[in-house]
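Structure file data_12.pdb; described as PDB, C-alpha atoms.
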```pdb
ATOM      1  CA  MET B   1     -84.656 -32.523 -95.177
ATOM      2  CA  MET B   2     -88.203 -33.071 -96.230
ATOM      3  CA  HIS B   3     -89.621 -33.223 -99.679
ATOM      4  CA  PRO B   4     -91.915 -30.274-100.450
ATOM      5  CA  ALA B   5     -94.520 -32.696-101.758
ATOM      6  CA  PHE B   6     -94.564 -34.295 -98.323
ATOM      7  CA  LEU B   7     -95.484 -30.970 -96.711
ATOM      8  CA  ILE B   8     -98.325 -30.391 -99.169
ATOM      9  CA  ILE B   9     -99.705 -33.903 -98.684
ATOM     10  CA  ALA B  10     -99.366 -33.667 -94.896
ATOM     11  CA  LEU B  11    -101.282 -30.384 -94.951
ATOM     12  CA  LEU B  12    -103.990 -32.014 -97.100
ATOM     13  CA  ILE B  13    -104.282 -34.974 -94.729
ATOM     14  CA  VAL B  14    -104.437 -32.940 -91.524
ATOM     15  CA  ALA B  15    -106.855 -30.386 -92.980
ATOM     16  CA  GLY B  16    -109.120 -33.097 -94.374
ATOM     17  CA  ALA B  17    -109.150 -35.062 -91.137
ATOM     18  CA  THR B  18    -109.824 -31.955 -89.048
ATOM     19  CA  ALA B  19    -112.648 -30.897 -91.352
ATOM     20  CA  ALA B  20    -114.133 -34.400 -91.226
ATOM     21  CA  MET B  21    -114.241 -34.181 -87.455
ATOM     22  CA  ARG B  22    -115.487 -30.594 -87.201
ATOM     23  CA  LEU B  23    -118.087 -30.004 -89.909
ATOM     24  CA  ARG B  24    -121.797 -30.099 -89.235
ATOM     25  CA  ASN B  25    -123.183 -31.476 -92.490
ATOM     26  CA  LEU B  26    -122.453 -35.189 -92.673
ATOM     27  CA  ILE B  27    -122.054 -35.202 -96.455
ATOM     28  CA  HIS B  28    -119.348 -32.569 -96.082
ATOM     29  CA  CYS B  29    -117.756 -34.776 -93.430
ATOM     30  CA  ALA B  30    -117.688 -37.702 -95.852
ATOM     31  CA  LEU B  31    -116.126 -35.496 -98.563
ATOM     32  CA  ALA B  32    -113.449 -34.263 -96.151
ATOM     33  CA  LEU B  33    -112.762 -37.858 -95.135
ATOM     34  CA  THR B  34    -112.311 -38.758 -98.814
ATOM     35  CA  CYS B  35    -109.841 -35.874 -99.092
ATOM     36  CA  ALA B  36    -107.815 -37.110 -96.117
ATOM     37  CA  LEU B  37    -107.810 -40.724 -97.310
ATOM     38  CA  GLY B  38    -106.763 -39.635-100.790
ATOM     39  CA  GLY B  39    -103.900 -37.713 -99.198
ATOM     40  CA  VAL B  40    -102.813 -40.864 -97.382
ATOM     41  CA  GLY B  41    -102.891 -42.728-100.700
ATOM     42  CA  LEU B  42    -100.752 -40.004-102.305
ATOM     43  CA  LEU B  43     -98.299 -40.347 -99.436
ATOM     44  CA  TYR B  44     -98.054 -44.097-100.105
ATOM     45  CA  LEU B  45     -97.243 -43.306-103.722
ATOM     46  CA  LEU B  46     -94.629 -40.776-102.596
ATOM     47  CA  LEU B  47     -93.036 -43.357-100.306
ATOM     48  CA  GLY B  48     -92.746 -45.841-103.139
ATOM     49  CA  ALA B  49     -95.513 -48.275-102.233
ATOM     50  CA  GLN B  50     -97.460 -48.154-105.475
ATOM     51  CA  PHE B  51     -99.587 -51.225-104.901
ATOM     52  CA  VAL B  52    -100.741 -50.120-101.450
ATOM     53  CA  GLY B  53    -101.409 -46.625-102.763
ATOM     54  CA  PHE B  54    -103.676 -47.830-105.535
ATOM     55  CA  ALA B  55    -105.337 -50.320-103.175
ATOM     56  CA  GLN B  56    -105.998 -47.382-100.861
ATOM     57  CA  PHE B  57    -107.581 -45.399-103.704
ATOM     58  CA  LEU B  58    -109.713 -48.348-104.801
ATOM     59  CA  VAL B  59    -110.855 -49.513-101.384
ATOM     60  CA  TYR B  60    -111.217 -46.260 -99.467
ATOM     61  CA  ILE B  61    -112.164 -43.699-102.082
ATOM     62  CA  GLY B  62    -113.986 -46.171-104.278
ATOM     63  CA  ALA B  63    -115.790 -48.307-101.719
ATOM     64  CA  VAL B  64    -115.676 -47.092 -98.133
ATOM     65  CA  SER B  65    -116.584 -43.465 -98.772
ATOM     66  CA  ILE B  66    -119.439 -44.498-101.070
ATOM     67  CA  LEU B  67    -120.611 -46.859 -98.325
ATOM     68  CA  ILE B  68    -120.483 -44.037 -95.783
ATOM     69  CA  VAL B  69    -122.483 -41.731 -98.062
ATOM     70  CA  PHE B  70    -125.052 -44.496 -98.549
ATOM     71  CA  ALA B  71    -125.315 -44.962 -94.775
ATOM     72  CA  ILE B  72    -125.747 -41.215 -94.256
ATOM     73  CA  LEU B  73    -128.526 -41.056 -96.824
ATOM     74  CA  LEU B  74    -130.236 -44.216 -95.541
ATOM     75  CA  THR B  75    -130.349 -42.892 -91.991
ATOM     76  CA  HIS B  76    -131.623 -39.458 -93.079
ATOM     77  CA  GLY B  77    -128.826 -37.954 -91.054
ATOM     78  CA  MET B  78    -127.708 -34.952 -93.095
ATOM     79  CA  ASP B  79    -127.600 -32.800 -89.987
ATOM     80  CA  GLY B  80    -124.876 -33.867 -87.627
ATOM     81  CA  GLY B  81    -127.077 -34.480 -84.623
ATOM     82  CA  GLY B  82    -129.426 -31.849 -83.324
ATOM     83  CA  ASP B  83    -128.400 -28.622 -81.663
ATOM     84  CA  THR B  84    -124.927 -29.622 -80.529
ATOM     85  CA  LEU B  85    -122.376 -31.605 -82.472
ATOM     86  CA  PHE B  86    -120.452 -32.977 -79.545
ATOM     87  CA  SER B  87    -121.356 -35.375 -76.804
ATOM     88  CA  ARG B  88    -121.395 -34.712 -73.098
ATOM     89  CA  GLY B  89    -117.862 -35.848 -72.387
ATOM     90  CA  ARG B  90    -116.278 -33.591 -74.971
ATOM     91  CA  ALA B  91    -113.698 -31.922 -72.706
ATOM     92  CA  LEU B  92    -112.478 -35.296 -71.487
ATOM     93  CA  GLY B  93    -112.280 -36.565 -75.066
ATOM     94  CA  TRP B  94    -110.286 -33.578 -76.321
ATOM     95  CA  GLY B  95    -107.952 -33.698 -73.337
ATOM     96  CA  LEU B  96    -107.401 -37.416 -73.801
ATOM     97  CA  SER B  97    -106.604 -37.116 -77.493
ATOM     98  CA  LEU B  98    -104.262 -34.193 -76.793
ATOM     99  CA  VAL B  99    -102.453 -36.289 -74.174
ATOM    100  CA  VAL B 100    -102.211 -39.199 -76.619
ATOM    101  CA  PHE B 101    -100.736 -36.908 -79.293
ATOM    102  CA  ALA B 102     -98.262 -35.390 -76.823
ATOM    103  CA  VAL B 103     -97.092 -38.772 -75.536
ATOM    104  CA  LEU B 104     -96.763 -40.341 -79.001
ATOM    105  CA  GLY B 105     -95.119 -37.267 -80.513
ATOM    106  CA  GLY B 106     -92.724 -36.935 -77.591
ATOM    107  CA  ALA B 107     -91.778 -40.593 -77.868
ATOM    108  CA  VAL B 108     -91.176 -40.243 -81.615
ATOM    109  CA  MET B 109     -89.092 -37.081 -81.277
ATOM    110  CA  SER B 110     -86.970 -38.300 -78.371
ATOM    111  CA  SER B 111     -86.384 -41.853 -79.555
ATOM    112  CA  ARG B 112     -82.859 -42.843 -80.485
ATOM    113  CA  MET B 113     -83.804 -46.319 -81.672
ATOM    114  CA  LEU B 114     -85.423 -45.233 -84.911
ATOM    115  CA  PRO B 115     -83.481 -46.185 -88.019
ATOM    116  CA  GLU B 116     -81.886 -43.274 -89.835
ATOM    117  CA  GLY B 117     -83.464 -44.086 -93.162
ATOM    118  CA  SER B 118     -81.979 -43.393 -96.532
ATOM    119  CA  THR B 119     -83.557 -40.462 -98.307
ATOM    120  CA  GLU B 120     -82.344 -41.548-101.731
ATOM    121  CA  PRO B 121     -84.978 -43.338-103.789
ATOM    122  CA  LEU B 122     -85.282 -47.075-103.542
ATOM    123  CA  ALA B 123     -83.131 -49.163-105.826
ATOM    124  CA  SER B 124     -86.169 -50.879-107.265
ATOM    125  CA  THR B 125     -89.780 -50.282-106.355
ATOM    126  CA  PRO B 126     -91.472 -53.540-105.466
ATOM    127  CA  ALA B 127     -93.178 -55.015-108.471
ATOM    128  CA  VAL B 128     -96.692 -56.367-108.314
ATOM    129  CA  ARG B 129     -95.234 -59.712-109.361
ATOM    130  CA  GLN B 130     -93.164 -59.863-106.164
ATOM    131  CA  ILE B 131     -96.185 -59.010-104.035
ATOM    132  CA  GLY B 132     -98.266 -61.632-105.791
ATOM    133  CA  ASP B 133     -95.559 -64.239-105.342
ATOM    134  CA  LEU B 134     -95.370 -63.511-101.629
ATOM    135  CA  LEU B 135     -99.147 -63.552-101.280
ATOM    136  CA  MET B 136     -99.292 -66.958-102.933
ATOM    137  CA  THR B 137     -96.414 -68.518-101.011
ATOM    138  CA  ARG B 138     -95.495 -67.085 -97.644
ATOM    139  CA  TYR B 139     -98.720 -65.235 -96.870
ATOM    140  CA  ILE B 140    -101.157 -67.776 -98.303
ATOM    141  CA  LEU B 141    -102.762 -68.545 -94.929
ATOM    142  CA  PRO B 142    -103.460 -64.880 -94.044
ATOM    143  CA  LEU B 143    -104.826 -64.400 -97.552
ATOM    144  CA  GLU B 144    -107.274 -67.263 -97.137
ATOM    145  CA  ILE B 145    -108.302 -66.032 -93.684
ATOM    146  CA  MET B 146    -108.833 -62.581 -95.194
ATOM    147  CA  GLY B 147    -111.132 -64.055 -97.825
ATOM    148  CA  LEU B 148    -113.073 -65.908 -95.137
ATOM    149  CA  LEU B 149    -113.311 -62.745 -93.029
ATOM    150  CA  LEU B 150    -114.566 -60.680 -95.964
ATOM    151  CA  THR B 151    -117.184 -63.308 -96.835
ATOM    152  CA  ALA B 152    -118.366 -63.484 -93.228
ATOM    153  CA  ALA B 153    -118.454 -59.695 -92.990
ATOM    154  CA  LEU B 154    -120.464 -59.474 -96.224
ATOM    155  CA  ILE B 155    -123.048 -62.010 -95.030
ATOM    156  CA  GLY B 156    -123.177 -60.410 -91.588
ATOM    157  CA  ALA B 157    -123.656 -56.927 -93.012
ATOM    158  CA  VAL B 158    -126.482 -58.088 -95.256
ATOM    159  CA  LEU B 159    -128.185 -59.915 -92.383
ATOM    160  CA  LEU B 160    -127.812 -56.918 -90.059
ATOM    161  CA  ALA B 161    -129.117 -54.387 -92.532
ATOM    162  CA  MET B 162    -132.002 -56.609 -93.610
ATOM    163  CA  LYS B 163    -135.329 -55.573 -92.242
ATOM    164  CA  SER B 164    -135.938 -57.420 -88.938
ATOM    165  CA  GLY B 165    -134.545 -60.737 -90.040
ATOM    166  CA  ALA B 166    -135.240 -62.875 -93.072
ATOM    167  CA  SER B 167    -138.389 -64.536 -91.761
ATOM    168  CA  ALA B 168    -140.299 -61.262 -91.742
ATOM    169  CA  MET B 169    -139.571 -60.531 -95.386
ATOM    170  CA  PRO B 170    -142.303 -62.580 -97.144
ATOM    171  CA  HIS B 171    -145.039 -61.314 -94.824
ATOM    172  CA  THR B 172    -144.419 -57.685 -95.653
ATOM    173  CA  GLN B 173    -144.938 -58.287 -99.336
ATOM    174  CA  PRO B 174    -148.506 -57.898-100.482
ATOM    175  CA  GLY B 175    -150.669 -60.890-101.274
ATOM    176  CA  GLY B 176    -149.435 -64.355-102.139
ATOM    177  CA  LYS B 177    -145.817 -63.641-103.016
ATOM    178  CA  ALA B 178    -144.710 -65.610-100.011
ATOM    179  CA  ALA B 179    -146.311 -68.698-101.452
ATOM    180  CA  THR B 180    -144.220 -68.459-104.602
ATOM    181  CA  GLN B 181    -141.003 -68.563-102.596
ATOM    182  CA  PRO B 182    -141.358 -71.530-100.284
ATOM    183  CA  GLY B 183    -137.613 -71.751 -99.708
ATOM    184  CA  ARG B 184    -137.525 -68.534 -97.734
ATOM    185  CA  ASP B 185    -140.263 -69.437 -95.295
ATOM    186  CA  GLY B 186    -138.422 -72.445 -94.013
ATOM    187  CA  GLN B 187    -135.578 -70.265 -92.793
TER     188      GLN B 187
ATOM    189  CA  MET V   1     -85.865 -34.169 -88.626
ATOM    190  CA  THR V   2     -85.499 -37.354 -90.595
ATOM    191  CA  PRO V   3     -88.251 -38.326 -93.057
ATOM    192  CA  LEU V   4     -89.200 -41.265 -90.857
ATOM    193  CA  LYS V   5     -89.857 -38.957 -87.925
ATOM    194  CA  ALA V   6     -91.907 -36.647 -90.131
ATOM    195  CA  CYS V   7     -94.055 -39.570 -91.271
ATOM    196  CA  LEU V   8     -94.476 -40.796 -87.696
ATOM    197  CA  LEU V   9     -95.459 -37.329 -86.475
ATOM    198  CA  LEU V  10     -98.027 -36.997 -89.250
ATOM    199  CA  SER V  11     -99.373 -40.402 -88.285
ATOM    200  CA  CYS V  12     -99.585 -39.305 -84.631
ATOM    201  CA  ALA V  13    -101.539 -36.207 -85.647
ATOM    202  CA  LEU V  14    -103.923 -38.266 -87.788
ATOM    203  CA  PHE V  15    -104.454 -40.733 -84.946
ATOM    204  CA  ALA V  16    -105.103 -37.953 -82.427
ATOM    205  CA  ILE V  17    -107.605 -36.232 -84.740
ATOM    206  CA  GLY V  18    -109.431 -39.508 -85.309
ATOM    207  CA  LEU V  19    -109.448 -40.247 -81.590
ATOM    208  CA  ALA V  20    -110.801 -36.802 -80.766
ATOM    209  CA  GLY V  21    -113.593 -37.244 -83.309
ATOM    210  CA  ALA V  22    -114.457 -40.738 -82.098
ATOM    211  CA  LEU V  23    -114.565 -39.611 -78.485
ATOM    212  CA  THR V  24    -116.384 -36.304 -78.779
ATOM    213  CA  ARG V  25    -118.846 -36.448 -81.664
ATOM    214  CA  ARG V  26    -122.412 -37.558 -81.104
ATOM    215  CA  HIS V  27    -123.332 -39.018 -84.470
ATOM    216  CA  ALA V  28    -122.506 -42.705 -84.895
ATOM    217  CA  ILE V  29    -121.291 -42.375 -88.499
ATOM    218  CA  ILE V  30    -118.774 -39.687 -87.522
ATOM    219  CA  VAL V  31    -117.443 -41.994 -84.822
ATOM    220  CA  LEU V  32    -116.939 -44.651 -87.494
ATOM    221  CA  ILE V  33    -115.134 -42.089 -89.679
ATOM    222  CA  GLY V  34    -112.820 -41.362 -86.743
ATOM    223  CA  VAL V  35    -112.047 -45.063 -86.404
ATOM    224  CA  GLU V  36    -111.208 -45.201 -90.113
ATOM    225  CA  LEU V  37    -108.792 -42.285 -89.678
ATOM    226  CA  MET V  38    -107.061 -44.082 -86.809
ATOM    227  CA  LEU V  39    -106.702 -47.239 -88.914
ATOM    228  CA  ASN V  40    -105.121 -45.171 -91.673
ATOM    229  CA  ALA V  41    -102.672 -43.665 -89.194
ATOM    230  CA  ALA V  42    -101.545 -47.151 -88.184
ATOM    231  CA  ASN V  43    -101.220 -48.127 -91.847
ATOM    232  CA  LEU V  44     -99.075 -45.078 -92.526
ATOM    233  CA  ASN V  45     -96.698 -46.246 -89.800
ATOM    234  CA  PHE V  46     -96.329 -49.648 -91.460
ATOM    235  CA  ILE V  47     -95.456 -48.082 -94.804
ATOM    236  CA  ALA V  48     -93.066 -45.554 -93.239
ATOM    237  CA  PHE V  49     -91.175 -48.215 -91.304
ATOM    238  CA  TRP V  50     -91.013 -50.375 -94.427
ATOM    239  CA  ARG V  51     -89.660 -47.545 -96.559
ATOM    240  CA  PHE V  52     -87.076 -46.183 -94.133
ATOM    241  CA  GLY V  53     -86.265 -49.411 -92.313
ATOM    242  CA  PRO V  54     -83.138 -51.463 -92.778
ATOM    243  CA  HIS V  55     -84.677 -54.047 -95.144
ATOM    244  CA  PRO V  56     -86.985 -52.456 -97.701
ATOM    245  CA  GLU V  57     -86.674 -55.502 -99.957
ATOM    246  CA  ALA V  58     -88.492 -57.770 -97.494
ATOM    247  CA  LEU V  59     -91.957 -56.267 -98.246
ATOM    248  CA  SER V  60     -93.322 -57.133 -94.796
ATOM    249  CA  GLY V  61     -94.726 -53.643 -94.227
ATOM    250  CA  ILE V  62     -96.552 -53.725 -97.557
ATOM    251  CA  MET V  63     -98.141 -57.063 -96.680
ATOM    252  CA  PHE V  64     -99.273 -55.733 -93.309
ATOM    253  CA  ALA V  65    -100.747 -52.647 -94.968
ATOM    254  CA  ILE V  66    -102.649 -54.708 -97.534
ATOM    255  CA  PHE V  67    -104.168 -56.931 -94.873
ATOM    256  CA  VAL V  68    -105.049 -53.948 -92.685
ATOM    257  CA  ILE V  69    -106.862 -52.347 -95.628
ATOM    258  CA  GLY V  70    -108.856 -55.560 -96.090
ATOM    259  CA  VAL V  71    -109.822 -55.792 -92.428
ATOM    260  CA  ALA V  72    -110.748 -52.093 -92.400
ATOM    261  CA  ALA V  73    -113.086 -52.625 -95.357
ATOM    262  CA  ALA V  74    -114.829 -55.481 -93.544
ATOM    263  CA  GLU V  75    -115.060 -53.370 -90.384
ATOM    264  CA  ALA V  76    -116.594 -50.457 -92.252
ATOM    265  CA  ALA V  77    -119.212 -52.674 -93.901
ATOM    266  CA  VAL V  78    -120.287 -54.336 -90.649
ATOM    267  CA  GLY V  79    -120.191 -51.066 -88.710
ATOM    268  CA  LEU V  80    -122.369 -49.219 -91.194
ATOM    269  CA  ALA V  81    -124.829 -52.126 -91.294
ATOM    270  CA  LEU V  82    -124.997 -51.966 -87.488
ATOM    271  CA  ILE V  83    -125.653 -48.228 -87.645
ATOM    272  CA  ILE V  84    -128.454 -48.725 -90.172
ATOM    273  CA  ALA V  85    -130.029 -51.452 -88.006
ATOM    274  CA  ILE V  86    -129.773 -49.279 -84.880
ATOM    275  CA  HIS V  87    -131.265 -46.321 -86.704
ATOM    276  CA  ARG V  88    -134.154 -48.468 -87.871
ATOM    277  CA  HIS V  89    -134.792 -49.610 -84.307
ATOM    278  CA  PHE V  90    -134.264 -46.434 -82.278
ATOM    279  CA  LYS V  91    -135.003 -43.875 -85.040
ATOM    280  CA  THR V  92    -131.854 -41.959 -84.098
ATOM    281  CA  CYS V  93    -128.089 -42.108 -84.491
ATOM    282  CA  ASP V  94    -127.406 -39.945 -81.448
ATOM    283  CA  LEU V  95    -124.966 -41.853 -79.283
ATOM    284  CA  ASP V  96    -125.961 -39.923 -76.169
ATOM    285  CA  ARG V  97    -129.494 -41.270 -76.471
ATOM    286  CA  ILE V  98    -128.706 -44.856 -77.473
ATOM    287  CA  ASN V  99    -127.765 -46.069 -74.030
ATOM    288  CA  ARG V 100    -129.332 -49.474 -73.603
ATOM    289  CA  LEU V 101    -128.866 -52.896 -75.093
ATOM    290  CA  LYS V 102    -132.224 -54.161 -73.914
ATOM    291  CA  ASP V 103    -134.962 -54.330 -76.505
ATOM    292  CA  SER V 104    -137.287 -52.059 -74.574
ATOM    293  CA  SER V 105    -139.075 -50.422 -77.486
ATOM    294  CA  LEU V 106    -140.066 -53.688 -79.112
ATOM    295  CA  PRO V 107    -143.873 -53.171 -79.233
ATOM    296  CA  GLU V 108    -143.497 -50.055 -81.358
ATOM    297  CA  VAL V 109    -141.387 -51.603 -84.047
ATOM    298  CA  PRO V 110    -143.951 -53.852 -85.805
ATOM    299  CA  ALA V 111    -146.460 -50.984 -85.834
ATOM    300  CA  ASP V 112    -143.947 -48.710 -87.539
ATOM    301  CA  GLN V 113    -142.841 -51.175 -90.135
ATOM    302  CA  PRO V 114    -145.622 -50.908 -92.739
ATOM    303  CA  GLY V 115    -145.176 -47.154 -92.810
ATOM    304  CA  ALA V 116    -141.424 -47.350 -92.976
ATOM    305  CA  GLY V 117    -141.432 -49.988 -95.670
ATOM    306  CA  PRO V 118    -141.774 -47.893 -98.857
ATOM    307  CA  ASN V 119    -139.285 -45.281 -97.617
ATOM    308  CA  THR V 120    -136.444 -47.728 -97.138
TER     309      THR V 120
END
```
Rewritten as structure tokens:
Amino acid sequence: MMHPAFLIIALLIVAGATAAMRLRNLIHCALALTCALGGVGLLYLLLGAQFVGFAQFLVYIGAVSILIVFAILLTHGMDGGGDTLFSRGRALGWGLSLVVFAVLGGAVMSSRMLPEGSTEPLASTPAVRQIGDLLMTRYILPLEIMGLLLTAALIGAVLLAMKSGASAMPHTQPGGKAATQPGRDGQ
Amino acid sequence: MTPLKACLLLSCALFAIGLAGALTRRHAIIVLIGVELMLNAANLNFIAFWRFGPHPEALSGIMFAIFVIGVAAAEAAVGLALIIAIHRHFKTCDLDRINRLKDSSLPEVPADQPGAGPNT
């Protein structure tokens, strides 16, 4: 038996995701995406994973959706791409995703290996202290690699979005500013 | 239907919607949004298996979900930077028209840059 809150959240997620994929205005798409991601965060909270739920709210609603809105505004792309929204291979894409959903859903519904799962609430929700202890002991190497990956991604994103490489920057500035920053010209 | 199956079916639906968007839409940012939806579907599976699995006290699913969220944030940042760079170069985000890796419109770019400078 399912919780009624689960049905409401599932409806929110599916409606938000469908709207994000169907709407024409890209800002509306970003808002619908925020709705769907917020629904996923609510579902984490419902399942008892508080830390992941709040991380989802912070990272996705706080950072990723703002980043997407910034990208939409920077590319002047309010309209979702000309006269037609969908690309040339749209029938193939829809058929493929329908087949993927049918295969995955059929496998889930017919599987006998899935654990039954206790519907009663967890004895104790995992405390942040436990998660922090694990992150600092058993998962210390993945944590460090994650930090390295985020630093590399940050530097790479800045370099990619910079205007035609760093060496072109001083020349676009008017008159003599390049001379005041000799460190940049060498790179 | 057990709660685990309900969660897995919802995750399947989210994945299929994201896949349909990533495969059929023309705008590059919408394709990236579809990829984000698919990542969230995978994350939902981790949390569902952690919650309804035999050992909820082990916290492995939560750790996986946290790391997936971190990688997804890095992916979104790099992907959006790539889209901005491509838009600056080709002046479009239409994936049906961006069909070459070769830098064939290079002579136009320096001529456009002084005009495009104050806008961006």
Given 3 Å on each side, where is the centre and what are the edge lengths in Å to one decimal of the axis-aligned box enclosing the listed atoms of segment 27-37 of chain B, as lines of an AutoDock Vina configuration file?
```
center_x = -114.9
center_y = -36.6
center_z = -96.3
size_x = 20.2
size_y = 14.2
size_z = 11.7
```
Worksheet item: What residues come out when you apply the ChimeraX specification (/V :<7) & /B to this file, written as an MDAnalysis selection string?
Response: chainID B and resid 1:2 10 14 17:18 21 47 52 64 71 75 80:81 85:87 89:90 93:94 97:98 100:101 104:105 108:109 115:118 150 153 156:157 160:161
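Across the structure, atom CA of Phe90 of chain V and atom CA of Val35 of chain V are spaced 22.6 Å apart.
For the atom pair formed by atom CA of Arg88 of chain B and atom CA of Arg100 of chain V, the distance is 16.8 Å, given to one decimal.
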Worksheet item: From the list B:Phe51, B:Val69, B:Ile61, B:Arg129, which residue is nearest Leu26 of chain B when using only C-alpha atoms?
Response: B:Val69
Fill in: Near-Leu46 of chain B list (9 Å; only C-alpha atoms; drop same-chain fewer than 5 positions) as a PyMOL selection string
chain B and resi 5-6+41+53
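The interatomic distance for the pair atom CA of Ile8 of chain B and atom CA of Cys35 of chain B works out to 12.8 Å.
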